[in-house]
file target_5.cif (mmCIF, C-alpha atoms; chains and numbers go by the auth columns)
data_target
loop_
_atom_site.group_PDB
_atom_site.id
_atom_site.type_symbol
_atom_site.label_atom_id
_atom_site.label_comp_id
_atom_site.label_asym_id
_atom_site.label_seq_id
_atom_site.Cartn_x
_atom_site.Cartn_y
_atom_site.Cartn_z
_atom_site.B_iso_or_equiv
_atom_site.auth_seq_id
_atom_site.auth_asym_id
ATOM 1 C CA MET A 1 45.464 -2.000 -79.054 0.00 1 A
ATOM 2 C CA PHE A 2 43.777 -1.215 -75.745 0.00 2 A
ATOM 3 C CA SER A 3 41.765 -3.954 -74.039 0.00 3 A
ATOM 4 C CA TYR A 4 38.760 -3.647 -71.746 0.00 4 A
ATOM 5 C CA SER A 5 38.142 -5.746 -68.670 0.00 5 A
ATOM 6 C CA LEU A 6 35.285 -5.656 -66.173 0.00 6 A
ATOM 7 C CA LYS A 7 34.976 -8.235 -63.395 0.00 7 A
ATOM 8 C CA LEU A 8 31.610 -8.644 -61.620 0.00 8 A
ATOM 9 C CA ILE A 9 31.950 -10.592 -58.363 0.00 9 A
ATOM 10 C CA TYR A 10 28.736 -12.315 -57.312 0.00 10 A
ATOM 11 C CA SER A 11 29.892 -14.560 -54.472 0.00 11 A
ATOM 12 C CA LYS A 12 33.123 -15.311 -52.677 0.00 12 A
ATOM 13 C CA GLY A 13 35.599 -16.545 -55.263 0.00 13 A
ATOM 14 C CA ARG A 14 33.059 -16.484 -58.124 0.00 14 A
ATOM 15 C CA HIS A 15 32.980 -13.846 -60.808 0.00 15 A
ATOM 16 C CA TYR A 16 31.890 -13.030 -64.337 0.00 16 A
ATOM 17 C CA GLU A 17 34.287 -11.192 -66.660 0.00 17 A
ATOM 18 C CA CYS A 18 33.393 -8.917 -69.553 0.00 18 A
ATOM 19 C CA SER A 19 35.696 -7.709 -72.310 0.00 19 A
ATOM 20 C CA SER A 20 32.965 -6.325 -74.584 0.00 20 A
ATOM 21 C CA ASP A 21 29.368 -5.089 -74.438 0.00 21 A
ATOM 22 C CA CYS A 22 27.041 -7.582 -72.780 0.00 22 A
ATOM 23 C CA PRO A 23 23.262 -7.040 -73.183 0.00 23 A
ATOM 24 C CA GLU A 24 22.236 -9.958 -70.949 0.00 24 A
ATOM 25 C CA MET A 25 24.041 -11.195 -67.807 0.00 25 A
ATOM 26 C CA GLN A 26 21.044 -12.490 -65.873 0.00 26 A
ATOM 27 C CA ASN A 27 21.879 -16.118 -66.698 0.00 27 A
ATOM 28 C CA TYR A 28 25.294 -15.862 -65.017 0.00 28 A
ATOM 29 C CA PHE A 29 24.397 -14.417 -61.591 0.00 29 A
ATOM 30 C CA SER A 30 21.444 -12.995 -59.658 0.00 30 A
ATOM 31 C CA ARG A 31 23.236 -10.428 -57.461 0.00 31 A
ATOM 32 C CA CYS A 32 26.414 -8.441 -57.905 0.00 32 A
ATOM 33 C CA ASN A 33 28.288 -8.066 -54.628 0.00 33 A
ATOM 34 C CA SER A 34 31.202 -6.029 -55.982 0.00 34 A
ATOM 35 C CA ILE A 35 32.809 -4.816 -59.205 0.00 35 A
ATOM 36 C CA ARG A 36 36.413 -4.441 -60.282 0.00 36 A
ATOM 37 C CA VAL A 37 37.171 -2.422 -63.395 0.00 37 A
ATOM 38 C CA GLU A 38 40.588 -3.646 -64.441 0.00 38 A
ATOM 39 C CA SER A 39 40.808 -1.533 -67.591 0.00 39 A
ATOM 40 C CA GLY A 40 38.710 0.821 -69.622 0.00 40 A
ATOM 41 C CA CYS A 41 35.569 2.654 -68.652 0.00 41 A
ATOM 42 C CA TRP A 42 32.106 1.048 -68.489 0.00 42 A
ATOM 43 C CA VAL A 43 28.434 1.795 -67.996 0.00 43 A
ATOM 44 C CA ALA A 44 26.589 -0.888 -66.011 0.00 44 A
ATOM 45 C CA TYR A 45 22.793 -1.186 -66.218 0.00 45 A
ATOM 46 C CA GLU A 46 20.284 -2.503 -63.719 0.00 46 A
ATOM 47 C CA LYS A 47 18.220 -4.297 -66.387 0.00 47 A
ATOM 48 C CA PRO A 48 18.953 -6.381 -69.496 0.00 48 A
ATOM 49 C CA ASN A 49 19.420 -4.697 -72.879 0.00 49 A
ATOM 50 C CA TYR A 50 20.933 -1.541 -71.390 0.00 50 A
ATOM 51 C CA ALA A 51 17.840 -0.438 -69.468 0.00 51 A
ATOM 52 C CA GLY A 52 17.085 0.697 -65.927 0.00 52 A
ATOM 53 C CA TYR A 53 19.472 2.514 -63.614 0.00 53 A
ATOM 54 C CA GLN A 54 22.831 3.363 -65.195 0.00 54 A
ATOM 55 C CA TYR A 55 26.218 3.538 -63.472 0.00 55 A
ATOM 56 C CA MET A 56 29.456 4.978 -64.866 0.00 56 A
ATOM 57 C CA LEU A 57 32.418 2.849 -63.772 0.00 57 A
ATOM 58 C CA HIS A 58 36.055 3.938 -64.084 0.00 58 A
ATOM 59 C CA LYS A 59 39.116 1.815 -63.331 0.00 59 A
ATOM 60 C CA GLY A 60 39.087 0.753 -59.700 0.00 60 A
ATOM 61 C CA GLU A 61 37.348 -1.294 -57.002 0.00 61 A
ATOM 62 C CA TYR A 62 33.663 -1.024 -56.055 0.00 62 A
ATOM 63 C CA PRO A 63 33.217 -3.260 -52.960 0.00 63 A
ATOM 64 C CA ASP A 64 29.416 -2.796 -52.771 0.00 64 A
ATOM 65 C CA TYR A 65 26.599 -1.167 -54.718 0.00 65 A
ATOM 66 C CA GLN A 66 26.719 2.075 -52.706 0.00 66 A
ATOM 67 C CA ARG A 67 30.275 2.649 -54.007 0.00 67 A
ATOM 68 C CA TRP A 68 29.061 2.651 -57.616 0.00 68 A
ATOM 69 C CA ALA A 69 26.130 4.932 -56.568 0.00 69 A
ATOM 70 C CA GLY A 70 23.763 2.005 -57.025 0.00 70 A
ATOM 71 C CA PHE A 71 20.195 1.754 -55.808 0.00 71 A
ATOM 72 C CA ASN A 72 20.529 -2.042 -55.448 0.00 72 A
ATOM 73 C CA ASP A 73 22.930 -4.918 -56.203 0.00 73 A
ATOM 74 C CA CYS A 74 21.333 -5.725 -59.541 0.00 74 A
ATOM 75 C CA ILE A 75 23.516 -5.512 -62.689 0.00 75 A
ATOM 76 C CA ARG A 76 22.036 -7.123 -65.821 0.00 76 A
ATOM 77 C CA SER A 77 23.965 -5.561 -68.720 0.00 77 A
ATOM 78 C CA CYS A 78 27.047 -3.443 -69.402 0.00 78 A
ATOM 79 C CA ARG A 79 28.639 -1.402 -72.177 0.00 79 A
ATOM 80 C CA MET A 80 32.199 -0.308 -72.847 0.00 80 A
ATOM 81 C CA VAL A 81 32.826 3.418 -73.153 0.00 81 A
ATOM 82 C CA PRO A 82 35.210 3.882 -76.076 0.00 82 A
ATOM 83 C CA PRO A 83 38.092 6.299 -75.497 0.00 83 A
ATOM 84 C CA VAL A 84 37.629 9.867 -76.700 0.00 84 A
ATOM 85 C CA SER A 85 40.314 11.029 -79.121 0.00 85 A
ATOM 86 C CA ILE A 86 39.754 14.759 -78.597 0.00 86 A
ATOM 87 C CA LYS A 87 40.765 16.888 -75.636 0.00 87 A
ATOM 88 C CA ARG A 88 38.317 17.066 -72.737 0.00 88 A
ATOM 89 C CA GLU A 89 37.838 20.815 -73.154 0.00 89 A
ATOM 90 C CA TYR A 90 36.376 20.269 -76.648 0.00 90 A
ATOM 91 C CA LEU A 91 33.537 17.982 -75.546 0.00 91 A
ATOM 92 C CA SER A 92 30.211 19.703 -76.148 0.00 92 A
ATOM 93 C CA SER A 93 26.471 19.253 -75.937 0.00 93 A
ATOM 94 C CA MET A 94 23.423 21.452 -76.451 0.00 94 A
ATOM 95 C CA ILE A 95 20.594 21.072 -73.932 0.00 95 A
ATOM 96 C CA PHE A 96 16.996 22.149 -74.562 0.00 96 A
ATOM 97 C CA GLU A 97 14.124 22.876 -72.215 0.00 97 A
ATOM 98 C CA ARG A 98 11.498 21.192 -74.422 0.00 98 A
ATOM 99 C CA SER A 99 11.256 18.106 -76.614 0.00 99 A
ATOM 100 C CA ASP A 100 12.400 18.170 -80.239 0.00 100 A
ATOM 101 C CA PHE A 101 15.084 20.796 -79.533 0.00 101 A
ATOM 102 C CA ALA A 102 12.627 23.567 -78.668 0.00 102 A
ATOM 103 C CA GLY A 103 12.544 26.242 -75.974 0.00 103 A
ATOM 104 C CA GLN A 104 15.383 27.705 -73.971 0.00 104 A
ATOM 105 C CA ASN A 105 18.762 26.145 -74.852 0.00 105 A
ATOM 106 C CA LEU A 106 22.351 26.214 -73.686 0.00 106 A
ATOM 107 C CA GLU A 107 25.590 24.876 -75.162 0.00 107 A
ATOM 108 C CA LEU A 108 27.816 23.198 -72.584 0.00 108 A
ATOM 109 C CA MET A 109 31.521 22.483 -72.870 0.00 109 A
ATOM 110 C CA GLU A 110 32.202 21.997 -69.156 0.00 110 A
ATOM 111 C CA ASP A 111 30.764 20.130 -66.191 0.00 111 A
ATOM 112 C CA CYS A 112 27.744 21.701 -64.505 0.00 112 A
ATOM 113 C CA PRO A 113 27.227 20.727 -60.823 0.00 113 A
ATOM 114 C CA ASP A 114 23.984 22.735 -60.466 0.00 114 A
ATOM 115 C CA LEU A 115 21.911 23.012 -63.627 0.00 115 A
ATOM 116 C CA HIS A 116 19.242 25.270 -62.107 0.00 116 A
ATOM 117 C CA GLU A 117 21.852 27.827 -61.122 0.00 117 A
ATOM 118 C CA ARG A 118 23.231 27.947 -64.679 0.00 118 A
ATOM 119 C CA PHE A 119 20.187 27.210 -66.861 0.00 119 A
ATOM 120 C CA HIS A 120 17.417 28.556 -64.561 0.00 120 A
ATOM 121 C CA THR A 121 15.405 25.369 -64.957 0.00 121 A
ATOM 122 C CA ARG A 122 15.876 21.731 -64.031 0.00 122 A
ATOM 123 C CA ASP A 123 13.904 20.436 -67.001 0.00 123 A
ATOM 124 C CA ILE A 124 15.876 19.153 -69.970 0.00 124 A
ATOM 125 C CA SER A 125 13.646 17.465 -72.511 0.00 125 A
ATOM 126 C CA SER A 126 16.094 17.110 -75.411 0.00 126 A
ATOM 127 C CA VAL A 127 19.863 17.016 -75.892 0.00 127 A
ATOM 128 C CA ASN A 128 22.214 17.082 -78.851 0.00 128 A
ATOM 129 C CA VAL A 129 25.546 15.533 -77.842 0.00 129 A
ATOM 130 C CA MET A 130 27.941 16.887 -80.434 0.00 130 A
ATOM 131 C CA GLU A 131 31.278 15.634 -79.093 0.00 131 A
ATOM 132 C CA GLY A 132 32.221 13.076 -76.468 0.00 132 A
ATOM 133 C CA TYR A 133 30.045 11.440 -73.820 0.00 133 A
ATOM 134 C CA TRP A 134 27.927 13.081 -71.135 0.00 134 A
ATOM 135 C CA MET A 135 26.460 11.825 -67.881 0.00 135 A
ATOM 136 C CA LEU A 136 23.246 13.480 -66.710 0.00 136 A
ATOM 137 C CA HIS A 137 22.362 13.249 -63.012 0.00 137 A
ATOM 138 C CA GLU A 138 18.918 13.516 -61.452 0.00 138 A
ATOM 139 C CA HIS A 139 20.057 15.854 -58.629 0.00 139 A
ATOM 140 C CA PRO A 140 22.624 18.657 -58.210 0.00 140 A
ATOM 141 C CA ASN A 141 26.242 17.777 -57.374 0.00 141 A
ATOM 142 C CA TYR A 142 26.176 14.581 -59.459 0.00 142 A
ATOM 143 C CA ARG A 143 23.755 12.646 -57.243 0.00 143 A
ATOM 144 C CA GLY A 144 20.735 10.472 -57.977 0.00 144 A
ATOM 145 C CA ARG A 145 19.975 8.517 -61.124 0.00 145 A
ATOM 146 C CA GLN A 146 22.572 8.676 -63.873 0.00 146 A
ATOM 147 C CA TYR A 147 21.957 8.787 -67.631 0.00 147 A
ATOM 148 C CA PHE A 148 24.809 8.092 -70.037 0.00 148 A
ATOM 149 C CA LEU A 149 24.615 9.860 -73.407 0.00 149 A
ATOM 150 C CA ARG A 150 26.723 9.002 -76.448 0.00 150 A
ATOM 151 C CA PRO A 151 27.098 11.423 -79.371 0.00 151 A
ATOM 152 C CA GLY A 152 23.769 11.915 -81.113 0.00 152 A
ATOM 153 C CA GLU A 153 20.367 13.514 -80.877 0.00 153 A
ATOM 154 C CA TYR A 154 17.964 12.747 -78.033 0.00 154 A
ATOM 155 C CA ARG A 155 14.592 14.297 -78.908 0.00 155 A
ATOM 156 C CA ARG A 156 12.899 13.496 -75.584 0.00 156 A
ATOM 157 C CA HIS A 157 14.008 12.445 -72.107 0.00 157 A
ATOM 158 C CA SER A 158 12.652 8.907 -72.529 0.00 158 A
ATOM 159 C CA GLU A 159 15.294 8.300 -75.246 0.00 159 A
ATOM 160 C CA TRP A 160 18.045 8.396 -72.596 0.00 160 A
ATOM 161 C CA GLY A 161 15.981 6.276 -70.194 0.00 161 A
ATOM 162 C CA SER A 162 14.628 8.946 -67.855 0.00 162 A
ATOM 163 C CA PRO A 163 11.030 8.849 -66.566 0.00 163 A
ATOM 164 C CA SER A 164 11.014 12.681 -66.331 0.00 164 A
ATOM 165 C CA PRO A 165 12.894 15.668 -67.761 0.00 165 A
ATOM 166 C CA THR A 166 14.217 16.698 -64.324 0.00 166 A
ATOM 167 C CA ILE A 167 18.024 16.922 -64.319 0.00 167 A
ATOM 168 C CA GLY A 168 20.097 18.491 -61.529 0.00 168 A
ATOM 169 C CA SER A 169 23.632 18.272 -62.892 0.00 169 A
ATOM 170 C CA LEU A 170 25.673 16.945 -65.787 0.00 170 A
ATOM 171 C CA ARG A 171 29.288 16.209 -66.516 0.00 171 A
ATOM 172 C CA ARG A 172 31.481 15.123 -69.344 0.00 172 A
ATOM 173 C CA GLY A 173 32.022 11.384 -69.449 0.00 173 A
ATOM 174 C CA TYR A 174 35.642 11.174 -70.443 0.00 174 A
ATOM 175 C CA PHE A 175 38.033 8.332 -70.919 0.00 175 A
ATOM 176 C CA SER A 176 41.262 8.577 -72.874 0.00 176 A
ATOM 177 C CA LEU A 177 44.087 6.161 -73.477 0.00 177 A
#

call {"tool": "encode", "arguments": {"input": "target_5.cif", "output": "structure tokens"}}
result
Amino acid sequence: MFSYSLKLIYSKGRHYECSSDCPEMQNYFSRCNSIRVESGCWVAYEKPNYAGYQYMLHKGEYPDYQRWAGFNDCIRSCRMVPPVSIKREYLSSMIFERSDFAGQNLELMEDCPDLHERFHTRDISSVNVMEGYWMLHEHPNYRGRQYFLRPGEYRRHSEWGSPSPTIGSLRRGYFSL
């Protein structure tokens, strides 16, 4: 069986370790100076209960919040990303221009660094993630706010935590054993 391990370092020599989803870490530390992902893949959240800015973390060292593409040093919750048992090329999602799966749509099975170039709009108001995990980014070339989507239907942008439907790029969130 595969194990997950995430270590959040909040001061010299002091850390908090996670081996499962954690909806509330505020009681353990106020600032996160660095992160070490020892195994697995994680999504860290700026606010408790999996809210606020989202950051995809793969195995490795993140010495400061800029390295995990953070907007600040605040981490209040985290979730494990379970491994995907299918091949990366079979991950798929359907994006829609309007809420409730209406308007122009496009099925994606590959990363898209510039959504406007491919979809001719930057507004995605609903998504159906059919296979795997997807990470939506606010700006082209995987920059800006990140939004992690698990398989399922997202009828409006607020369901994945975005204040607006503007998306610049998206990529498959993939982790295999």

call {"tool": "residues_around", "arguments": {"input": "target_5.cif", "residues": "region 58-70 of chain A", "least_positions_apart": "3", "cutoff": "12 Å", "atoms": "all atoms listed in the file", "output": "JSON, numbers by chain"}}
result
{"A": [4, 5, 6, 7, 8, 9, 10, 11, 31, 32, 33, 34, 35, 36, 37, 38, 39, 40, 41, 42, 43, 44, 45, 46, 52, 53, 54, 55, 73, 74, 75, 80, 81, 83, 137, 142, 143, 144, 145, 146, 173, 174, 175, 176]}

call {"tool": "closest_residue", "arguments": {"input": "target_5.cif", "among": "A:Gln26, A:Asn128, A:Ser19, A:Ser93", "to": "Arg171 (chain A)", "atoms": "all atoms listed in the file"}}
result
A:Ser93

call {"tool": "resolve_selection", "arguments": {"input": "target_5.cif", "expression": "the PyMOL selection byres ((chain A and resi 136) around 8)", "output": "compact mmCIF listing (two decimals) with C-alpha atoms, in the frame of the given file"}}
result
# COMPACT_ATOMS: atom_id res chain seq x y z
CA TRP A 134 27.93 13.08 -71.14
CA MET A 135 26.46 11.82 -67.88
CA HIS A 137 22.36 13.25 -63.01
CA GLU A 138 18.92 13.52 -61.45
CA TYR A 142 26.18 14.58 -59.46
CA GLN A 146 22.57 8.68 -63.87
CA TYR A 147 21.96 8.79 -67.63
CA PHE A 148 24.81 8.09 -70.04
CA LEU A 149 24.62 9.86 -73.41
CA ILE A 167 18.02 16.92 -64.32
CA GLY A 168 20.10 18.49 -61.53
CA SER A 169 23.63 18.27 -62.89
CA LEU A 170 25.67 16.94 -65.79
CA ARG A 171 29.29 16.21 -66.52

call {"tool": "resolve_selection", "arguments": {"input": "target_5.cif", "expression": "the PyMOL selection byres ((chain A and resi 107) around 9)", "output": "NGL selection string"}}
result
:A and (92-95 or 105-106 or 108-109)

call {"tool": "atom_distance", "arguments": {"input": "target_5.cif", "atom1": "CA of Ser20 (chain A)", "atom2": "CA of Tyr133 (chain A)"}}
result
18.0 Å

call {"tool": "atom_distance", "arguments": {"input": "target_5.cif", "atom1": "CA of Val127 (chain A)", "atom2": "CA of Arg98 (chain A)"}}
result
9.5 Å

call {"tool": "atom_distance", "arguments": {"input": "target_5.cif", "atom1": "CA of Tyr50 (chain A)", "atom2": "CA of Met130 (chain A)"}}
result
21.7 Å

call {"tool": "axis_aligned_box", "arguments": {"input": "target_5.cif", "around": "region 108-119 of chain A", "padding_each_side": "8 Å", "output": "lines of an AutoDock Vina configuration file"}}
result
center_x = 25.7
center_y = 24.0
center_z = -66.7
size_x = 29.0
size_y = 23.8
size_z = 28.4

call {"tool": "residues_near_point", "arguments": {"input": "target_5.cif", "point": "(20.7, -8.6, -69.1)", "cutoff": "7 Å", "atoms": "all atoms listed in the file", "output": "list in words"}}
result
Pro23, Glu24, Met25, Gln26, Lys47, Pro48, Asn49, Arg76 and Ser77 of chain A

call {"tool": "residues_near_point", "arguments": {"input": "target_5.cif", "point": "(26.6, 14.8, -81.8)", "cutoff": "8 Å", "atoms": "all atoms listed in the file", "output": "list in words"}}
result
Ser93, Asn128, Val129, Met130, Glu131, Gly132, Arg150, Pro151, Gly152 and Glu153 of chain A

call {"tool": "closest_residue", "arguments": {"input": "target_5.cif", "among": "A:Asp100, A:Glu110, A:Glu17, A:Asp123", "to": "Arg156 (chain A)", "atoms": "only C-alpha atoms"}}
result
A:Asp100

call {"tool": "closest_residue", "arguments": {"input": "target_5.cif", "among": "A:Ser30, A:His139, A:Asp21, A:Ser158", "to": "Pro82 (chain A)", "atoms": "all atoms listed in the file"}}
result
A:Asp21
